[in-house]
$ cat work-v1.pdb   # PDB, C-alpha atoms, pLDDT in the B column
ATOM      1  CA  MET A1063       0.000   0.000   0.000  1.00 58.00           C
ATOM      2  CA  THR A1064       1.105   3.507  -0.700  1.00 63.00           C
ATOM      3  CA  THR A1065       1.326   6.122   1.984  1.00 58.00           C
ATOM      4  CA  ALA A1066      -1.708   7.945   0.572  1.00 56.00           C
ATOM      5  CA  ALA A1067      -3.795   4.751   0.636  1.00 58.00           C
ATOM      6  CA  VAL A1068      -2.806   4.051   4.250  1.00 52.00           C
ATOM      7  CA  ALA A1069      -3.668   7.617   5.241  1.00 52.00           C
ATOM      8  CA  ALA A1070      -7.052   7.383   3.512  1.00 52.00           C
ATOM      9  CA  ALA A1071      -7.868   4.046   5.186  1.00 57.00           C
ATOM     10  CA  THR A1072      -6.887   5.420   8.596  1.00 52.00           C
ATOM     11  CA  LEU A1073      -8.964   8.552   8.073  1.00 48.00           C
ATOM     12  CA  ALA A1074     -11.974   6.507   6.952  1.00 53.00           C
ATOM     13  CA  ALA A1075     -11.665   4.288  10.047  1.00 53.00           C
ATOM     14  CA  LEU A1076     -11.678   7.382  12.272  1.00 48.00           C
ATOM     15  CA  ILE A1077     -14.590   9.130  10.557  1.00 51.00           C
ATOM     16  CA  LEU A1078     -16.960   6.367   9.451  1.00 49.00           C
ATOM     17  CA  PRO A1079     -18.777   4.469  12.224  1.00 51.00           C
ATOM     18  CA  THR A1080     -18.832   0.710  12.178  1.00 51.00           C
ATOM     19  CA  ALA A1081     -22.105  -1.213  11.879  1.00 47.00           C
ATOM     20  CA  ALA A1082     -22.239  -1.674  15.670  1.00 48.00           C
ATOM     21  CA  GLU A1083     -21.794   2.081  16.263  1.00 49.00           C
ATOM     22  CA  ALA A1084     -24.284   3.220  13.630  1.00 48.00           C
ATOM     23  CA  ALA A1085     -27.426   4.812  14.996  1.00 48.00           C
ATOM     24  CA  PRO A1086     -30.506   2.622  14.679  1.00 49.00           C
ATOM     25  CA  THR A1087     -33.156   3.873  12.301  1.00 48.00           C
ATOM     26  CA  ALA A1088     -36.878   3.563  12.769  1.00 46.00           C
ATOM     27  CA  PRO A1089     -38.275   1.060  10.264  1.00 50.00           C
ATOM     28  CA  HIS A1090     -41.554   2.946   9.943  1.00 51.00           C
ATOM     29  CA  ALA A1091     -40.466   6.587  10.091  1.00 50.00           C
ATOM     30  CA  ALA A1092     -43.252   9.035   9.312  1.00 55.00           C
ATOM     31  CA  PRO A1093     -42.744  10.886   6.024  1.00 65.00           C
ATOM     32  CA  GLY A1094     -42.488  14.688   6.051  1.00 65.00           C
ATOM     33  CA  LYS A1095     -45.747  16.601   5.747  1.00 72.00           C
ATOM     34  CA  ALA A1096     -46.627  18.086   2.398  1.00 78.00           C
ATOM     35  CA  CYS A1097     -47.154  21.815   2.047  1.00 82.00           C
ATOM     36  CA  ALA A1098     -50.655  22.655   3.254  1.00 86.00           C
ATOM     37  CA  THR A1099     -50.547  26.460   3.548  1.00 91.00           C
ATOM     38  CA  LYS A1100     -53.018  28.048   1.137  1.00 95.00           C
ATOM     39  CA  TRP A1101     -53.021  31.626  -0.086  1.00 96.00           C
ATOM     40  CA  GLN A1102     -55.699  33.474  -2.055  1.00 97.00           C
ATOM     41  CA  ALA A1103     -54.979  36.215  -4.618  1.00 97.00           C
ATOM     42  CA  LYS A1104     -56.468  39.570  -3.534  1.00 96.00           C
ATOM     43  CA  GLN A1105     -56.577  40.749  -7.145  1.00 96.00           C
ATOM     44  CA  ARG A1106     -55.185  39.748 -10.533  1.00 96.00           C
ATOM     45  CA  VAL A1107     -51.459  39.448  -9.986  1.00 96.00           C
ATOM     46  CA  ALA A1108     -48.459  38.512 -12.117  1.00 96.00           C
ATOM     47  CA  VAL A1109     -46.437  35.409 -11.249  1.00 96.00           C
ATOM     48  CA  ARG A1110     -42.840  36.327 -12.040  1.00 95.00           C
ATOM     49  CA  ARG A1111     -39.788  34.157 -12.657  1.00 95.00           C
ATOM     50  CA  PRO A1112     -36.408  35.613 -11.668  1.00 92.00           C
ATOM     51  CA  ALA A1113     -34.259  36.455 -14.676  1.00 89.00           C
ATOM     52  CA  PRO A1114     -30.722  34.994 -14.621  1.00 89.00           C
ATOM     53  CA  HIS A1115     -29.246  38.402 -13.740  1.00 88.00           C
ATOM     54  CA  ASP A1116     -31.794  38.904 -10.901  1.00 81.00           C
ATOM     55  CA  GLY A1117     -30.486  36.050  -8.770  1.00 87.00           C
ATOM     56  CA  PRO A1118     -32.840  33.754  -6.833  1.00 91.00           C
ATOM     57  CA  VAL A1119     -35.448  36.415  -5.995  1.00 92.00           C
ATOM     58  CA  ALA A1120     -37.776  38.051  -8.512  1.00 92.00           C
ATOM     59  CA  THR A1121     -38.039  41.787  -9.005  1.00 91.00           C
ATOM     60  CA  MET A1122     -40.876  43.891 -10.387  1.00 91.00           C
ATOM     61  CA  ARG A1123     -38.979  43.851 -13.699  1.00 91.00           C
ATOM     62  CA  SER A1124     -38.641  40.044 -13.844  1.00 93.00           C
ATOM     63  CA  PRO A1125     -40.428  38.319 -16.728  1.00 94.00           C
ATOM     64  CA  ILE A1126     -44.055  37.347 -16.158  1.00 95.00           C
ATOM     65  CA  HIS A1127     -44.759  33.608 -16.341  1.00 95.00           C
ATOM     66  CA  HIS A1128     -48.548  33.806 -15.945  1.00 96.00           C
ATOM     67  CA  TYR A1129     -51.216  35.571 -13.900  1.00 97.00           C
ATOM     68  CA  LEU A1130     -53.239  34.543 -10.859  1.00 97.00           C
ATOM     69  CA  ALA A1131     -56.890  35.525 -11.142  1.00 97.00           C
ATOM     70  CA  LYS A1132     -58.609  37.355  -8.308  1.00 97.00           C
ATOM     71  CA  GLY A1133     -59.680  34.758  -5.722  1.00 97.00           C
ATOM     72  CA  GLU A1134     -57.444  31.983  -7.118  1.00 97.00           C
ATOM     73  CA  VAL A1135     -56.030  29.737  -4.392  1.00 97.00           C
ATOM     74  CA  VAL A1136     -52.396  28.539  -4.462  1.00 96.00           C
ATOM     75  CA  ARG A1137     -50.170  26.626  -2.055  1.00 94.00           C
ATOM     76  CA  SER A1138     -46.990  28.260  -0.767  1.00 94.00           C
ATOM     77  CA  CYS A1139     -44.818  27.229   2.165  1.00 92.00           C
ATOM     78  CA  VAL A1140     -41.621  28.960   1.079  1.00 92.00           C
ATOM     79  CA  VAL A1141     -40.808  32.640   0.986  1.00 93.00           C
ATOM     80  CA  ALA A1142     -37.974  34.463  -0.798  1.00 93.00           C
ATOM     81  CA  VAL A1143     -36.614  37.583   0.871  1.00 93.00           C
ATOM     82  CA  ALA A1144     -35.477  40.460  -1.360  1.00 91.00           C
ATOM     83  CA  ARG A1145     -32.787  42.526   0.333  1.00 86.00           C
ATOM     84  CA  THR A1146     -32.427  46.143  -0.710  1.00 86.00           C
ATOM     85  CA  SER A1147     -30.059  48.851   0.433  1.00 86.00           C
ATOM     86  CA  SER A1148     -32.894  51.311   1.007  1.00 86.00           C
ATOM     87  CA  GLY A1149     -36.648  51.069   0.984  1.00 87.00           C
ATOM     88  CA  PRO A1150     -38.967  48.215   0.091  1.00 90.00           C
ATOM     89  CA  ALA A1151     -38.173  45.750  -2.701  1.00 90.00           C
ATOM     90  CA  TYR A1152     -41.597  46.224  -4.299  1.00 91.00           C
ATOM     91  CA  ARG A1153     -44.789  48.250  -4.187  1.00 92.00           C
ATOM     92  CA  ALA A1154     -47.703  46.108  -5.325  1.00 92.00           C
ATOM     93  CA  CYS A1155     -51.370  45.487  -4.556  1.00 92.00           C
ATOM     94  CA  GLY A1156     -51.679  48.552  -2.360  1.00 91.00           C
ATOM     95  CA  GLY A1157     -48.716  47.648  -0.158  1.00 91.00           C
ATOM     96  CA  GLU A1158     -44.973  47.450  -0.096  1.00 92.00           C
ATOM     97  CA  GLY A1159     -42.593  44.843   1.169  1.00 92.00           C
ATOM     98  CA  HIS A1160     -39.703  42.518   0.567  1.00 93.00           C
ATOM     99  CA  LEU A1161     -41.255  39.039   0.851  1.00 94.00           C
ATOM    100  CA  TRP A1162     -42.044  37.038  -2.295  1.00 95.00           C
ATOM    101  CA  ARG A1163     -44.176  33.885  -1.914  1.00 95.00           C
ATOM    102  CA  ILE A1164     -42.921  31.014  -4.063  1.00 95.00           C
ATOM    103  CA  VAL A1165     -45.923  29.564  -5.884  1.00 95.00           C
ATOM    104  CA  PRO A1166     -46.219  27.103  -8.782  1.00 93.00           C
ATOM    105  CA  GLY A1167     -44.623  28.786 -11.787  1.00 94.00           C
ATOM    106  CA  GLY A1168     -42.707  31.547 -10.014  1.00 95.00           C
ATOM    107  CA  GLN A1169     -42.956  34.165  -7.278  1.00 95.00           C
ATOM    108  CA  VAL A1170     -45.672  36.596  -6.158  1.00 96.00           C
ATOM    109  CA  PRO A1171     -45.408  39.615  -3.807  1.00 96.00           C
ATOM    110  CA  GLN A1172     -46.824  38.539  -0.447  1.00 95.00           C
ATOM    111  CA  THR A1173     -48.883  41.735  -0.180  1.00 95.00           C
ATOM    112  CA  CYS A1174     -50.949  40.452  -3.139  1.00 96.00           C
ATOM    113  CA  LEU A1175     -51.969  37.282  -1.283  1.00 96.00           C
ATOM    114  CA  ARG A1176     -54.202  36.587   1.711  1.00 96.00           C
ATOM    115  CA  LYS A1177     -53.522  33.566   3.924  1.00 95.00           C
ATOM    116  CA  LEU A1178     -56.446  31.161   4.241  1.00 93.00           C
TER     117      LEU A1178
END

$ encode --input "work-v1.pdb" --output "structure tokens"
Amino acid sequence: MTTAAVAAATLAALILPTAAEAAPTAPHAAPGKACATKWQAKQRVAVRRPAPHDGPVATMRSPIHHYLAKGEVVRSCVVAVARTSSGPAYRACGGEGHLWRIVPGGQVPQTCLRKL
């Protein structure tokens, strides 16, 4: 064996637990809950997809993927936070803010949605 192989085997023996040391796992572990939080559109609102130069969070200038109709219900359990150096990230639907709800197809300003 080479010196590198011996060093790798020694390191693996120190890091990796043996079968006797491994933590037991529950055979019938409960699966994670699916997203159940529903939001309703207050008015017709654009669902935007972040452009490649925008980063992971949409802006008011991001391309529109589709629209949500007034009263349409969507599921959203994840929020994207738009950080700005001064002021709110958007002004939409009679409010301003920096939270974008991630919905099927893109992102929507949270001020345009009402939690059900």

$ closest_residue --input "work-v1.pdb" --among "A:Val1136, A:Cys1155, A:Ala1131, A:Cys1097" --to "A:Gln1169" --atoms "all atoms listed in the file"
A:Val1136

$ residues_near_point --input "work-v1.pdb" --point "(-55.2, 38.9, -6.9)" --cutoff "8 Å" --atoms "only C-alpha atoms" --output "CSV table (one decimal) with C-alpha atoms, in the coordinates of the input"
chain,number,residue,atom,x,y,z
A,1102,GLN,CA,-55.7,33.5,-2.1
A,1103,ALA,CA,-55.0,36.2,-4.6
A,1104,LYS,CA,-56.5,39.6,-3.5
A,1105,GLN,CA,-56.6,40.7,-7.1
A,1106,ARG,CA,-55.2,39.7,-10.5
A,1107,VAL,CA,-51.5,39.4,-10.0
A,1130,LEU,CA,-53.2,34.5,-10.9
A,1131,ALA,CA,-56.9,35.5,-11.1
A,1132,LYS,CA,-58.6,37.4,-8.3
A,1133,GLY,CA,-59.7,34.8,-5.7
A,1134,GLU,CA,-57.4,32.0,-7.1
A,1155,CYS,CA,-51.4,45.5,-4.6
A,1174,CYS,CA,-50.9,40.5,-3.1
A,1175,LEU,CA,-52.0,37.3,-1.3

$ residues_near_point --input "work-v1.pdb" --point "(-46.0, 44.7, 1.1)" --cutoff "10 Å" --atoms "only C-alpha atoms" --output "compact mmCIF listing (two decimals) with C-alpha atoms, keeping the file's coordinate frame"
# COMPACT_ATOMS: atom_id res chain seq x y z
CA PRO A 1150 -38.97 48.22 0.09
CA ALA A 1151 -38.17 45.75 -2.70
CA TYR A 1152 -41.60 46.22 -4.30
CA ARG A 1153 -44.79 48.25 -4.19
CA ALA A 1154 -47.70 46.11 -5.32
CA CYS A 1155 -51.37 45.49 -4.56
CA GLY A 1156 -51.68 48.55 -2.36
CA GLY A 1157 -48.72 47.65 -0.16
CA GLU A 1158 -44.97 47.45 -0.10
CA GLY A 1159 -42.59 44.84 1.17
CA HIS A 1160 -39.70 42.52 0.57
CA LEU A 1161 -41.26 39.04 0.85
CA TRP A 1162 -42.04 37.04 -2.30
CA PRO A 1171 -45.41 39.62 -3.81
CA GLN A 1172 -46.82 38.54 -0.45
CA THR A 1173 -48.88 41.74 -0.18
CA CYS A 1174 -50.95 40.45 -3.14
CA LEU A 1175 -51.97 37.28 -1.28

$ closest_residue --input "work-v1.pdb" --among "A:Ala1144, A:Cys1139, A:Val1165, A:Ala1096" --to "A:Asp1116" --atoms "only C-alpha atoms"
A:Ala1144

$ resolve_selection --input "work-v1.pdb" --expression "the PyMOL selection byres ((chain A and resi 1164) around 7)" --output "VMD selection string"
chain A and resid 1138 1140 to 1142 1162 to 1163 1165 to 1166 1168 to 1170

$ write_last_selection --input "work-v1.pdb" --atoms "C-alpha atoms" --output "PDB file, in the frame of the given file"
ATOM      1  CA  SER A1138     -46.990  28.260  -0.767  1.00 94.00           C
ATOM      2  CA  VAL A1140     -41.621  28.960   1.079  1.00 92.00           C
ATOM      3  CA  VAL A1141     -40.808  32.640   0.986  1.00 93.00           C
ATOM      4  CA  ALA A1142     -37.974  34.463  -0.798  1.00 93.00           C
ATOM      5  CA  TRP A1162     -42.044  37.038  -2.295  1.00 95.00           C
ATOM      6  CA  ARG A1163     -44.176  33.885  -1.914  1.00 95.00           C
ATOM      7  CA  VAL A1165     -45.923  29.564  -5.884  1.00 95.00           C
ATOM      8  CA  PRO A1166     -46.219  27.103  -8.782  1.00 93.00           C
ATOM      9  CA  GLY A1168     -42.707  31.547 -10.014  1.00 95.00           C
ATOM     10  CA  GLN A1169     -42.956  34.165  -7.278  1.00 95.00           C
ATOM     11  CA  VAL A1170     -45.672  36.596  -6.158  1.00 96.00           C
TER      12      VAL A1170
END

$ resolve_selection --input "work-v1.pdb" --expression "the PyMOL selection byres ((chain A and resi 1178) around 6)" --output "count of residues only"
3

$ atom_distance --input "work-v1.pdb" --atom1 "atom CA of A:Ser1148" --atom2 "atom CA of A:Val1109"
24.2 Å

$ decode --input "work-v1.pdb" --residues "stretch 1099-1115 of chain A" --atoms "N, CA, C and O atoms" --output "mmCIF file, in the first residue's frame"
data_model
loop_
_atom_site.group_PDB
_atom_site.id
_atom_site.type_symbol
_atom_site.label_atom_id
_atom_site.label_comp_id
_atom_site.auth_asym_id
_atom_site.auth_seq_id
_atom_site.Cartn_x
_atom_site.Cartn_y
_atom_site.Cartn_z
ATOM 1 N N THR A 1099 -50.184 25.063 3.364
ATOM 2 C CA THR A 1099 -50.547 26.460 3.548
ATOM 3 C C THR A 1099 -51.118 27.022 2.248
ATOM 4 O O THR A 1099 -50.461 27.000 1.217
ATOM 5 N N LYS A 1100 -52.356 27.523 2.327
ATOM 6 C CA LYS A 1100 -53.018 28.048 1.137
ATOM 7 C C LYS A 1100 -53.101 29.566 1.209
ATOM 8 O O LYS A 1100 -53.285 30.138 2.274
ATOM 9 N N TRP A 1101 -52.954 30.181 0.047
ATOM 10 C CA TRP A 1101 -53.021 31.626 -0.086
ATOM 11 C C TRP A 1101 -53.998 31.957 -1.211
ATOM 12 O O TRP A 1101 -54.080 31.248 -2.202
ATOM 13 N N GLN A 1102 -54.733 33.056 -1.054
ATOM 14 C CA GLN A 1102 -55.699 33.474 -2.055
ATOM 15 C C GLN A 1102 -55.267 34.827 -2.629
ATOM 16 O O GLN A 1102 -54.871 35.725 -1.880
ATOM 17 N N ALA A 1103 -55.344 34.965 -3.954
ATOM 18 C CA ALA A 1103 -54.979 36.215 -4.618
ATOM 19 C C ALA A 1103 -56.023 37.290 -4.308
ATOM 20 O O ALA A 1103 -57.217 37.066 -4.469
ATOM 21 N N LYS A 1104 -55.564 38.460 -3.841
ATOM 22 C CA LYS A 1104 -56.468 39.570 -3.534
ATOM 23 C C LYS A 1104 -57.007 40.215 -4.802
ATOM 24 O O LYS A 1104 -58.099 40.760 -4.811
ATOM 25 N N GLN A 1105 -56.218 40.177 -5.853
ATOM 26 C CA GLN A 1105 -56.577 40.749 -7.145
ATOM 27 C C GLN A 1105 -55.772 40.028 -8.207
ATOM 28 O O GLN A 1105 -54.992 39.142 -7.883
ATOM 29 N N ARG A 1106 -55.976 40.367 -9.472
ATOM 30 C CA ARG A 1106 -55.185 39.748 -10.533
ATOM 31 C C ARG A 1106 -53.729 40.154 -10.338
ATOM 32 O O ARG A 1106 -53.424 41.345 -10.217
ATOM 33 N N VAL A 1107 -52.853 39.169 -10.289
ATOM 34 C CA VAL A 1107 -51.459 39.448 -9.986
ATOM 35 C C VAL A 1107 -50.552 38.602 -10.875
ATOM 36 O O VAL A 1107 -50.862 37.458 -11.201
ATOM 37 N N ALA A 1108 -49.432 39.190 -11.266
ATOM 38 C CA ALA A 1108 -48.459 38.512 -12.117
ATOM 39 C C ALA A 1108 -47.594 37.566 -11.301
ATOM 40 O O ALA A 1108 -47.132 37.913 -10.217
ATOM 41 N N VAL A 1109 -47.386 36.360 -11.827
ATOM 42 C CA VAL A 1109 -46.437 35.409 -11.249
ATOM 43 C C VAL A 1109 -45.147 35.581 -12.039
ATOM 44 O O VAL A 1109 -45.119 35.374 -13.254
ATOM 45 N N ARG A 1110 -44.095 35.997 -11.366
ATOM 46 C CA ARG A 1110 -42.840 36.327 -12.040
ATOM 47 C C ARG A 1110 -41.771 35.271 -11.777
ATOM 48 O O ARG A 1110 -41.709 34.705 -10.696
ATOM 49 N N ARG A 1111 -40.930 35.053 -12.783
ATOM 50 C CA ARG A 1111 -39.788 34.157 -12.657
ATOM 51 C C ARG A 1111 -38.537 35.018 -12.657
ATOM 52 O O ARG A 1111 -38.368 35.874 -13.524
ATOM 53 N N PRO A 1112 -37.633 34.800 -11.702
ATOM 54 C CA PRO A 1112 -36.408 35.613 -11.668
ATOM 55 C C PRO A 1112 -35.592 35.416 -12.946
ATOM 56 O O PRO A 1112 -35.396 34.287 -13.394
ATOM 57 N N ALA A 1113 -35.155 36.513 -13.520
ATOM 58 C CA ALA A 1113 -34.259 36.455 -14.676
ATOM 59 C C ALA A 1113 -32.881 36.012 -14.181
ATOM 60 O O ALA A 1113 -32.562 36.176 -12.994
ATOM 61 N N PRO A 1114 -32.050 35.458 -15.060
ATOM 62 C CA PRO A 1114 -30.722 34.994 -14.621
ATOM 63 C C PRO A 1114 -29.889 36.074 -13.938
ATOM 64 O O PRO A 1114 -29.161 35.787 -12.998
ATOM 65 N N HIS A 1115 -30.022 37.329 -14.364
ATOM 66 C CA HIS A 1115 -29.246 38.402 -13.740
ATOM 67 C C HIS A 1115 -29.877 38.899 -12.441
ATOM 68 O O HIS A 1115 -29.269 39.669 -11.710
#
